[in-house]
>>> print(open('structure-v9.txt').read())   # compact mmCIF, C-alpha atoms and all ligand atoms
# COMPACT_ATOMS: atom_id res chain seq x y z
CA MET W 1 58.48 -53.13 69.76
CA LYS W 2 58.24 -49.52 70.93
CA LEU W 3 57.43 -46.74 68.47
CA TYR W 4 57.21 -42.96 68.72
CA ASP W 5 55.20 -40.65 66.41
CA VAL W 6 56.91 -37.25 66.76
CA HIS W 7 54.37 -35.19 64.78
CA THR W 8 50.57 -35.45 64.61
CA HIS W 9 47.46 -33.26 64.62
CA ILE W 10 44.96 -35.64 66.17
CA GLN W 11 43.09 -32.57 67.47
CA ASP W 12 41.97 -32.05 63.85
CA GLU W 13 38.20 -31.75 63.56
CA ARG W 14 38.16 -34.76 61.23
CA MET W 15 39.14 -36.83 64.29
CA ALA W 16 36.62 -35.31 66.67
CA GLY W 17 34.80 -38.16 68.40
CA ILE W 18 37.30 -40.82 67.33
CA TRP W 19 40.66 -39.56 68.61
CA GLN W 20 40.52 -41.63 71.81
CA GLN W 21 40.09 -44.80 69.73
CA VAL W 22 42.87 -43.58 67.45
CA VAL W 23 45.17 -43.32 70.48
CA GLN W 24 44.12 -46.78 71.71
CA ARG W 25 44.83 -48.33 68.30
CA ALA W 26 48.27 -46.71 68.26
CA VAL W 27 49.10 -47.93 71.77
CA ALA W 28 48.00 -51.44 70.74
CA GLU W 29 50.55 -51.23 67.88
CA GLY W 30 53.32 -50.33 70.34
CA VAL W 31 53.27 -46.55 69.88
CA ARG W 32 54.40 -45.25 73.27
CA GLY W 33 54.80 -41.59 72.34
CA ILE W 34 52.57 -39.33 70.22
CA VAL W 35 53.27 -35.62 69.91
CA ILE W 36 50.16 -33.50 69.27
CA CYS W 37 51.21 -30.30 67.49
CA GLY W 38 49.06 -27.22 67.89
CA LEU W 39 48.48 -25.01 64.86
CA HIS W 40 47.21 -21.69 66.26
CA GLU W 41 46.11 -20.02 69.50
CA GLY W 42 42.60 -21.45 69.08
CA ASP W 43 43.70 -25.07 69.60
CA TRP W 44 46.34 -24.78 72.34
CA ASP W 45 43.99 -25.45 75.27
CA GLU W 46 42.42 -28.39 73.44
CA VAL W 47 45.85 -29.88 72.71
CA LEU W 48 46.83 -29.58 76.39
CA ALA W 49 43.54 -31.11 77.55
CA MET W 50 43.86 -34.03 75.12
CA ALA W 51 47.48 -34.69 76.05
CA ALA W 52 46.54 -34.92 79.73
CA THR W 53 44.28 -37.92 79.05
CA HIS W 54 46.95 -40.49 78.18
CA GLU W 55 50.57 -41.01 79.19
CA ALA W 56 51.63 -41.58 75.57
CA LEU W 57 50.61 -38.06 74.55
CA VAL W 58 52.92 -35.04 74.50
CA PRO W 59 51.63 -31.56 73.61
CA ALA W 60 53.39 -28.98 71.45
CA LEU W 61 52.11 -25.41 71.17
CA GLY W 62 52.84 -22.88 68.47
CA ILE W 63 51.55 -21.06 65.42
CA HIS W 64 51.96 -22.85 62.10
CA PRO W 65 53.10 -20.56 59.24
CA TRP W 66 49.73 -21.04 57.51
CA PHE W 67 47.92 -19.43 60.46
CA ILE W 68 50.10 -16.50 61.48
CA GLU W 69 47.83 -13.88 59.88
CA ASN W 70 45.20 -14.45 62.58
CA ARG W 71 47.54 -14.24 65.58
CA SER W 72 46.52 -11.94 68.41
CA PRO W 73 48.76 -9.04 69.47
CA ARG W 74 49.66 -10.85 72.71
CA TRP W 75 50.23 -14.29 71.18
CA ALA W 76 53.84 -14.58 72.30
CA ASP W 77 53.08 -13.74 75.94
CA ILE W 78 50.16 -16.16 76.00
CA LEU W 79 52.31 -18.88 74.44
CA ALA W 80 55.22 -18.37 76.84
CA GLN W 81 52.88 -18.50 79.83
CA LYS W 82 51.20 -21.73 78.66
CA LEU W 83 54.52 -23.37 77.81
CA GLU W 84 56.03 -22.42 81.12
CA SER W 85 53.15 -23.66 83.22
CA ASN W 86 52.67 -26.89 81.25
CA GLY W 87 56.18 -27.79 80.03
CA ALA W 88 54.94 -28.51 76.50
CA ALA W 89 57.19 -28.54 73.40
CA VAL W 90 57.09 -25.68 70.86
CA GLY W 91 55.37 -26.36 67.53
CA GLU W 92 54.28 -26.55 64.87
CA ILE W 93 56.30 -23.56 63.73
CA GLY W 94 58.36 -22.75 60.66
CA LEU W 95 58.61 -21.31 57.20
CA ASP W 96 56.53 -22.09 54.12
CA ARG W 97 57.39 -20.43 50.82
CA MET W 98 54.62 -22.26 48.94
CA ILE W 99 51.66 -20.41 50.44
CA ARG W 100 50.00 -17.53 48.60
CA PRO W 101 50.03 -14.62 49.14
CA ARG W 102 53.65 -14.73 50.35
CA ASN W 103 54.29 -13.28 53.81
CA ASP W 104 57.95 -14.17 54.21
CA ASP W 105 58.96 -11.34 56.56
CA ASP W 106 56.06 -12.00 58.89
CA GLN W 107 56.77 -15.72 58.91
CA GLU W 108 60.41 -15.14 59.82
CA GLN W 109 59.52 -12.73 62.60
CA VAL W 110 57.04 -15.19 64.11
CA LEU W 111 59.47 -18.11 63.78
CA ILE W 112 62.27 -16.16 65.49
CA ARG W 113 59.99 -15.17 68.36
CA HIS W 114 59.01 -18.82 68.86
CA LEU W 115 62.66 -19.87 68.84
CA GLU W 116 63.53 -17.19 71.41
CA ILE W 117 60.78 -18.49 73.69
CA ALA W 118 61.98 -22.08 73.21
CA HIS W 119 65.55 -21.02 74.08
CA ASP W 120 64.42 -19.09 77.16
CA LEU W 121 62.34 -22.00 78.46
CA LYS W 122 64.86 -24.66 77.28
CA LEU W 123 62.26 -26.53 75.22
CA PRO W 124 62.52 -28.63 72.02
CA VAL W 125 60.79 -27.43 68.84
CA ASN W 126 58.79 -29.07 66.05
CA LEU W 127 59.67 -27.40 62.72
CA HIS W 128 57.86 -27.15 59.39
CA CYS W 129 59.95 -26.16 56.35
CA ARG W 130 58.82 -26.01 52.74
CA SER W 131 60.99 -24.45 50.05
CA ALA W 132 62.74 -22.23 52.61
CA TRP W 133 65.81 -24.31 53.46
CA GLY W 134 68.41 -21.58 53.08
CA ARG W 135 66.51 -19.10 55.27
CA MET W 136 65.67 -21.74 57.88
CA MET W 137 69.33 -22.70 58.12
CA ALA W 138 70.43 -19.07 58.34
CA ILE W 139 67.93 -18.29 61.11
CA LEU W 140 68.85 -21.36 63.15
CA LYS W 141 72.55 -20.54 62.71
CA SER W 142 72.09 -16.92 63.75
CA MET W 143 70.42 -18.11 66.96
CA GLY W 144 73.15 -20.60 67.83
CA GLY W 145 71.27 -23.66 66.58
CA LEU W 146 68.84 -25.60 68.77
CA PRO W 147 70.64 -26.28 72.06
CA TYR W 148 67.46 -27.88 73.51
CA GLY W 149 66.78 -29.93 70.40
CA GLY W 150 64.23 -29.85 67.65
CA VAL W 151 62.94 -31.85 64.75
CA VAL W 152 62.40 -30.94 61.11
CA HIS W 153 59.18 -32.77 60.40
CA SER W 154 58.31 -34.60 57.17
CA TRP W 155 61.75 -33.89 55.72
CA SER W 156 61.57 -32.78 52.07
CA GLY W 157 65.06 -31.29 51.75
CA SER W 158 68.03 -32.77 49.95
CA ALA W 159 70.29 -35.52 51.26
CA GLU W 160 73.18 -33.03 51.26
CA MET W 161 71.34 -30.67 53.62
CA VAL W 162 70.66 -33.37 56.22
CA ARG W 163 74.12 -33.06 57.77
CA GLU W 164 73.89 -29.26 57.94
CA PHE W 165 70.67 -29.44 59.94
CA GLU W 166 72.03 -32.20 62.17
CA LYS W 167 74.95 -29.93 63.04
CA LEU W 168 72.46 -27.26 64.16
CA GLY W 169 70.91 -29.65 66.70
CA CYS W 170 68.07 -30.95 64.55
CA TYR W 171 66.58 -34.40 64.42
CA ILE W 172 65.23 -35.41 61.01
CA SER W 173 61.75 -36.90 60.77
CA PHE W 174 60.14 -38.86 57.94
CA SER W 175 56.42 -39.28 57.31
CA GLY W 176 54.30 -41.33 54.91
CA SER W 177 55.80 -39.31 52.04
CA VAL W 178 58.75 -41.72 52.22
CA THR W 179 56.43 -44.62 51.30
CA ARG W 180 55.64 -43.10 47.87
CA PRO W 181 57.62 -45.02 45.26
CA ASP W 182 58.23 -41.91 43.11
CA ASN W 183 59.63 -39.80 45.97
CA LYS W 184 63.28 -40.37 45.09
CA LYS W 185 64.59 -37.22 46.75
CA VAL W 186 63.21 -38.14 50.18
CA GLN W 187 64.25 -41.76 49.78
CA LYS W 188 67.83 -40.59 49.16
CA ALA W 189 67.69 -38.29 52.19
CA VAL W 190 66.58 -41.19 54.45
CA LYS W 191 69.93 -42.86 53.86
CA ALA W 192 71.86 -39.69 54.75
CA VAL W 193 70.51 -39.31 58.31
CA SER W 194 72.73 -40.30 61.25
CA ARG W 195 71.45 -43.10 63.47
CA ASP W 196 71.27 -40.81 66.48
CA ARG W 197 69.22 -38.16 64.60
CA LEU W 198 66.50 -40.14 62.83
CA VAL W 199 62.88 -40.09 64.04
CA LEU W 200 59.49 -41.10 62.58
CA GLU W 201 56.05 -39.51 62.33
CA THR W 202 52.68 -39.76 60.63
CA ASP W 203 51.53 -36.09 60.47
CA SER W 204 48.10 -37.65 60.90
CA PRO W 205 45.36 -37.18 59.85
CA ASP W 206 47.22 -36.28 56.62
CA ILE W 207 49.98 -38.00 54.53
CA LEU W 208 48.46 -41.49 54.55
CA PRO W 209 51.23 -44.03 53.79
CA THR W 210 50.98 -45.77 50.42
CA GLY W 211 49.16 -49.09 50.57
CA ILE W 212 46.97 -48.34 53.61
CA GLU W 213 43.22 -48.28 53.05
CA SER W 214 41.78 -45.59 55.29
CA ASP W 215 40.12 -42.18 55.02
CA LEU W 216 42.46 -40.71 57.61
CA ASN W 217 46.05 -41.29 58.61
CA GLU W 218 46.60 -42.16 62.27
CA PRO W 219 49.56 -42.72 64.60
CA ALA W 220 49.20 -46.53 64.44
CA PHE W 221 50.35 -46.27 60.80
CA VAL W 222 53.79 -45.01 61.87
CA ARG W 223 54.66 -48.70 61.61
CA SER W 224 54.36 -48.39 57.83
CA VAL W 225 56.76 -45.41 57.80
CA LEU W 226 59.15 -47.47 59.92
CA GLU W 227 59.07 -50.37 57.46
CA SER W 228 59.82 -48.12 54.47
CA VAL W 229 62.65 -46.34 56.30
CA ALA W 230 64.19 -49.65 57.42
CA PHE W 231 63.99 -51.07 53.90
CA LEU W 232 65.58 -47.97 52.34
CA ARG W 233 68.41 -47.94 54.89
CA GLY W 234 69.01 -51.68 54.57
CA GLU W 235 68.48 -52.14 58.31
CA SER W 236 66.13 -54.37 60.28
CA VAL W 237 62.74 -53.06 61.38
CA ASP W 238 63.58 -53.89 65.01
CA ASP W 239 66.86 -52.02 64.85
CA VAL W 240 65.32 -48.86 63.35
CA ALA W 241 62.36 -49.01 65.77
CA GLY W 242 64.78 -49.24 68.69
CA TYR W 243 67.00 -46.31 67.87
CA THR W 244 64.29 -44.00 66.51
CA TYR W 245 62.31 -44.56 69.72
CA GLU W 246 65.34 -43.72 71.88
CA ASN W 247 66.05 -40.64 69.77
CA ALA W 248 62.48 -39.38 70.18
CA VAL W 249 62.51 -39.95 73.94
CA ARG W 250 65.80 -38.01 74.17
CA LEU W 251 64.46 -35.23 71.91
CA PHE W 252 61.34 -34.64 74.02
CA SER W 253 62.99 -35.24 77.38
CA GLY W 254 63.41 -31.46 77.63
CA CYS W 255 59.65 -31.08 78.08
CA ARG W 256 58.73 -30.87 81.73
CA TRP W 257 55.44 -32.36 80.56
CA ASN W 258 57.19 -35.72 80.27
CA GLU W 259 58.64 -35.49 83.77
CA ARG W 260 55.27 -34.66 85.20
CA ASN W 261 53.43 -37.38 83.33
CA ARG W 262 56.06 -40.11 83.38
CA PRO W 263 57.65 -40.15 86.84
ZN ZN A 1 52.01 -30.81 60.82
>>> encode(input="structure-v9.txt", output="structure tokens")
Amino acid sequence: MKLYDVHTHIQDERMAGIWQQVVQRAVAEGVRGIVICGLHEGDWDEVLAMAATHEALVPALGIHPWFIENRSPRWADILAQKLESNGAAVGEIGLDRMIRPRNDDDQEQVLIRHLEIAHDLKLPVNLHCRSAWGRMMAILKSMGGLPYGGVVHSWSGSAEMVREFEKLGCYISFSGSVTRPDNKKVQKAVKAVSRDRLVLETDSPDILPTGIESDLNEPAFVRSVLESVAFLRGESVDDVAGYTYENAVRLFSGCRWNERNRP
């Protein structure tokens, strides 16, 4: 069985010294693709260096909405240059209306700039969205959707909104939050996603799936997300593993990183 974890942060300092073993454990579980999402300018080079060590790893570079306050004046030029020369994906980027103090205008400006760069370089994006669904949809619409693909990670929107985001070129990703028995909204949304748009992730080292004993979440545990998603959709684990893997490969095929590392 082949699996693909479309959203992780294994560069997190909590995994310093163990991330190589974490990757090995994931590969042993059949995880053939692991996207490492950068969070801010300070971790981009580390993400690229890590991703170069194993063929399963794919880098994504961007500034997460929690970290935009510390961006440098030239962040967009630096990002575009690194993306162009490495063929990485763009992420983690997005909107988060739950952080305090609110900086909505700044977040939108930074998101739009990232999306422009992704469009110019024809790269897929890895999106974060919390309590900003209307604005996210409006921004994606105003930019003509995501012609080079993108994924909304750890989906927390409604089932009704799934189709709207699919129409804009988005894939929909579920994390360990789907394994929580009380998370009815996400469990309903899982059933609304089209077969050709569904992907899986861990968001490790956070969002540990229910029932797993570990201090940290890791890509090997994407198997647990898979089992919950398959159960909720009334489909077999093999079936869901097969099509979510193909979807993820298609989604990230726009990265020249993949071409270079997987001839
Ligand atoms: Zn994340």
>>> residues_near_ligand(input="structure-v9.txt", ligand="ligand ZN 1 (chain A)", cutoff="10 Å", atoms="only C-alpha atoms and all ligand atoms", output="ChimeraX atom specification")
/W:7-9,36-39,64,91-93,126-128,153-154,201-207
>>> closest_residue(input="structure-v9.txt", among="W:Glu213, W:Glu164, W:Glu41, W:Asp5", to="Arg71 (chain W)", atoms="only C-alpha atoms")
W:Glu41
>>> residues_around(input="structure-v9.txt", residues="Val31 (chain W)", least_positions_apart="5", cutoff="9 Å", atoms="only C-alpha atoms", output="list in words")
Met1, Lys2, Leu3, Tyr4, Asp5, Val23, Arg25, Ala26, Ala56, Pro219, Ala220, Val222 and Arg223 of chain W
>>> residues_around(input="structure-v9.txt", residues="Gly87 (chain W)", least_positions_apart="5", cutoff="6 Å", atoms="all atoms listed in the file", output="ChimeraX atom specification")
/W:255-257
>>> atom_distance(input="structure-v9.txt", atom1="CA of Ala248 (chain W)", atom2="CA of Ser224 (chain W)")
17.3 Å
>>> closest_residue(input="structure-v9.txt", among="W:Glu166, W:Glu13, W:Asp43, W:Glu29", to="Gly149 (chain W)", atoms="all atoms listed in the file")
W:Glu166
>>> axis_aligned_box(input="structure-v9.txt", around="region 149-153 of chain W", padding_each_side="3 Å", output="AutoDock Vina command-line options")
--center_x 63.0 --center_y -31.3 --center_z 65.4 --size_x 13.6 --size_y 8.9 --size_z 16.0
>>> residues_near_point(input="structure-v9.txt", point="(52.2, -24.3, 69.5)", cutoff="12 Å", atoms="all atoms listed in the file", output="VMD selection string")
chain W and resid 9 35 to 48 58 to 65 67 to 68 71 75 to 76 78 to 83 87 to 94 110 to 111 114 to 115 117 to 118 123 to 128
>>> residues_near_point(input="structure-v9.txt", point="(67.2, -34.2, 58.2)", cutoff="10 Å", atoms="all atoms listed in the file", output="mmCIF file with C-alpha atoms, in the frame of the given file")
data_model
loop_
_atom_site.group_PDB
_atom_site.id
_atom_site.type_symbol
_atom_site.label_atom_id
_atom_site.label_comp_id
_atom_site.auth_asym_id
_atom_site.auth_seq_id
_atom_site.Cartn_x
_atom_site.Cartn_y
_atom_site.Cartn_z
ATOM 1 C CA VAL W 151 62.940 -31.850 64.750
ATOM 2 C CA VAL W 152 62.400 -30.940 61.110
ATOM 3 C CA HIS W 153 59.180 -32.770 60.400
ATOM 4 C CA SER W 154 58.310 -34.600 57.170
ATOM 5 C CA TRP W 155 61.750 -33.890 55.720
ATOM 6 C CA SER W 156 61.570 -32.780 52.070
ATOM 7 C CA GLY W 157 65.060 -31.290 51.750
ATOM 8 C CA SER W 158 68.030 -32.770 49.950
ATOM 9 C CA ALA W 159 70.290 -35.520 51.260
ATOM 10 C CA GLU W 160 73.180 -33.030 51.260
ATOM 11 C CA MET W 161 71.340 -30.670 53.620
ATOM 12 C CA VAL W 162 70.660 -33.370 56.220
ATOM 13 C CA ARG W 163 74.120 -33.060 57.770
ATOM 14 C CA GLU W 164 73.890 -29.260 57.940
ATOM 15 C CA PHE W 165 70.670 -29.440 59.940
ATOM 16 C CA GLU W 166 72.030 -32.200 62.170
ATOM 17 C CA CYS W 170 68.070 -30.950 64.550
ATOM 18 C CA TYR W 171 66.580 -34.400 64.420
ATOM 19 C CA ILE W 172 65.230 -35.410 61.010
ATOM 20 C CA SER W 173 61.750 -36.900 60.770
ATOM 21 C CA PHE W 174 60.140 -38.860 57.940
ATOM 22 C CA VAL W 186 63.210 -38.140 50.180
ATOM 23 C CA ALA W 189 67.690 -38.290 52.190
ATOM 24 C CA VAL W 190 66.580 -41.190 54.450
ATOM 25 C CA ALA W 192 71.860 -39.690 54.750
ATOM 26 C CA VAL W 193 70.510 -39.310 58.310
ATOM 27 C CA SER W 194 72.730 -40.300 61.250
ATOM 28 C CA ARG W 197 69.220 -38.160 64.600
ATOM 29 C CA LEU W 198 66.500 -40.140 62.830
ATOM 30 C CA VAL W 199 62.880 -40.090 64.040
#
>>> atom_distance(input="structure-v9.txt", atom1="CA of Asp196 (chain W)", atom2="CA of Arg97 (chain W)")
29.2 Å
>>> atom_distance(input="structure-v9.txt", atom1="CA of Asn247 (chain W)", atom2="CA of Met15 (chain W)")
27.7 Å
>>> closest_residue(input="structure-v9.txt", among="W:Ser85, W:Lys188, W:Thr244, W:Ala132", to="Arg102 (chain W)", atoms="all atoms listed in the file")
W:Ala132
>>> closest_residue(input="structure-v9.txt", among="W:Gln11, W:Ser253, W:Ser131, W:Gln187", to="Ala230 (chain W)", atoms="all atoms listed in the file")
W:Gln187
>>> closest_residue(input="structure-v9.txt", among="W:Met98, W:Ala16, W:Ile34, W:Leu200", to="Ser228 (chain W)", atoms="all atoms listed in the file")
W:Leu200
>>> decode(input="structure-v9.txt", residues="region 97-120 of chain W", atoms="N, CA and C atoms", output="PDB file, in the first residue's frame")
ATOM      1  N   ARG W  97      -8.208  33.714  11.168  1.00  0.00           N
ATOM      2  CA  ARG W  97      -8.949  34.761  11.877  1.00  0.00           C
ATOM      3  C   ARG W  97      -9.025  34.498  13.381  1.00  0.00           C
ATOM      4  N   MET W  98      -8.303  33.451  13.849  1.00  0.00           N
ATOM      5  CA  MET W  98      -8.373  33.137  15.279  1.00  0.00           C
ATOM      6  C   MET W  98      -7.163  33.658  16.036  1.00  0.00           C
ATOM      7  N   ILE W  99      -6.195  34.252  15.330  1.00  0.00           N
ATOM      8  CA  ILE W  99      -5.026  34.749  16.066  1.00  0.00           C
ATOM      9  C   ILE W  99      -5.284  36.163  16.574  1.00  0.00           C
ATOM     10  N   ARG W 100      -4.654  36.485  17.685  1.00  0.00           N
ATOM     11  CA  ARG W 100      -4.787  37.807  18.303  1.00  0.00           C
ATOM     12  C   ARG W 100      -3.413  38.418  18.472  1.00  0.00           C
ATOM     13  N   PRO W 101      -3.171  39.724  18.223  1.00  0.00           N
ATOM     14  CA  PRO W 101      -4.168  40.625  17.654  1.00  0.00           C
ATOM     15  C   PRO W 101      -4.437  40.304  16.173  1.00  0.00           C
ATOM     16  N   ARG W 102      -5.636  40.657  15.714  1.00  0.00           N
ATOM     17  CA  ARG W 102      -6.003  40.418  14.318  1.00  0.00           C
ATOM     18  C   ARG W 102      -5.138  41.260  13.396  1.00  0.00           C
ATOM     19  N   ASN W 103      -4.751  40.693  12.263  1.00  0.00           N
ATOM     20  CA  ASN W 103      -3.989  41.441  11.253  1.00  0.00           C
ATOM     21  C   ASN W 103      -4.504  41.035   9.867  1.00  0.00           C
ATOM     22  N   ASP W 104      -5.807  41.098   9.718  1.00  0.00           N
ATOM     23  CA  ASP W 104      -6.480  40.567   8.530  1.00  0.00           C
ATOM     24  C   ASP W 104      -5.948  41.136   7.218  1.00  0.00           C
ATOM     25  N   ASP W 105      -5.777  42.477   7.173  1.00  0.00           N
ATOM     26  CA  ASP W 105      -5.356  43.092   5.908  1.00  0.00           C
ATOM     27  C   ASP W 105      -3.966  42.621   5.502  1.00  0.00           C
ATOM     28  N   ASP W 106      -3.088  42.588   6.494  1.00  0.00           N
ATOM     29  CA  ASP W 106      -1.731  42.118   6.253  1.00  0.00           C
ATOM     30  C   ASP W 106      -1.721  40.674   5.771  1.00  0.00           C
ATOM     31  N   GLN W 107      -2.514  39.847   6.429  1.00  0.00           N
ATOM     32  CA  GLN W 107      -2.585  38.428   6.047  1.00  0.00           C
ATOM     33  C   GLN W 107      -3.035  38.283   4.602  1.00  0.00           C
ATOM     34  N   GLU W 108      -4.041  39.061   4.221  1.00  0.00           N
ATOM     35  CA  GLU W 108      -4.570  38.944   2.858  1.00  0.00           C
ATOM     36  C   GLU W 108      -3.539  39.381   1.830  1.00  0.00           C
ATOM     37  N   GLN W 109      -2.840  40.484   2.163  1.00  0.00           N
ATOM     38  CA  GLN W 109      -1.807  40.986   1.252  1.00  0.00           C
ATOM     39  C   GLN W 109      -0.712  39.943   1.030  1.00  0.00           C
ATOM     40  N   VAL W 110      -0.286  39.322   2.126  1.00  0.00           N
ATOM     41  CA  VAL W 110       0.787  38.324   2.046  1.00  0.00           C
ATOM     42  C   VAL W 110       0.304  37.076   1.298  1.00  0.00           C
ATOM     43  N   LEU W 111      -0.927  36.667   1.566  1.00  0.00           N
ATOM     44  CA  LEU W 111      -1.480  35.505   0.862  1.00  0.00           C
ATOM     45  C   LEU W 111      -1.532  35.775  -0.644  1.00  0.00           C
ATOM     46  N   ILE W 112      -2.044  36.940  -1.019  1.00  0.00           N
ATOM     47  CA  ILE W 112      -2.190  37.270  -2.446  1.00  0.00           C
ATOM     48  C   ILE W 112      -0.830  37.281  -3.136  1.00  0.00           C
ATOM     49  N   ARG W 113       0.167  37.836  -2.463  1.00  0.00           N
ATOM     50  CA  ARG W 113       1.513  37.868  -3.056  1.00  0.00           C
ATOM     51  C   ARG W 113       2.042  36.445  -3.273  1.00  0.00           C
ATOM     52  N   HIS W 114       1.832  35.573  -2.294  1.00  0.00           N
ATOM     53  CA  HIS W 114       2.226  34.167  -2.452  1.00  0.00           C
ATOM     54  C   HIS W 114       1.513  33.534  -3.653  1.00  0.00           C
ATOM     55  N   LEU W 115       0.224  33.797  -3.768  1.00  0.00           N
ATOM     56  CA  LEU W 115      -0.553  33.182  -4.854  1.00  0.00           C
ATOM     57  C   LEU W 115      -0.089  33.699  -6.208  1.00  0.00           C
ATOM     58  N   GLU W 116       0.274  34.981  -6.264  1.00  0.00           N
ATOM     59  CA  GLU W 116       0.798  35.539  -7.522  1.00  0.00           C
ATOM     60  C   GLU W 116       2.101  34.829  -7.910  1.00  0.00           C
ATOM     61  N   ILE W 117       2.950  34.613  -6.930  1.00  0.00           N
ATOM     62  CA  ILE W 117       4.227  33.930  -7.202  1.00  0.00           C
ATOM     63  C   ILE W 117       3.957  32.490  -7.671  1.00  0.00           C
ATOM     64  N   ALA W 118       3.026  31.819  -6.999  1.00  0.00           N
ATOM     65  CA  ALA W 118       2.686  30.442  -7.384  1.00  0.00           C
ATOM     66  C   ALA W 118       2.151  30.398  -8.815  1.00  0.00           C
ATOM     67  N   HIS W 119       1.310  31.375  -9.171  1.00  0.00           N
ATOM     68  CA  HIS W 119       0.769  31.440 -10.534  1.00  0.00           C
ATOM     69  C   HIS W 119       1.904  31.651 -11.535  1.00  0.00           C
ATOM     70  N   ASP W 120       2.765  32.633 -11.241  1.00  0.00           N
ATOM     71  CA  ASP W 120       3.863  32.957 -12.158  1.00  0.00           C
ATOM     72  C   ASP W 120       4.756  31.748 -12.406  1.00  0.00           C
TER      73      ASP W 120
END
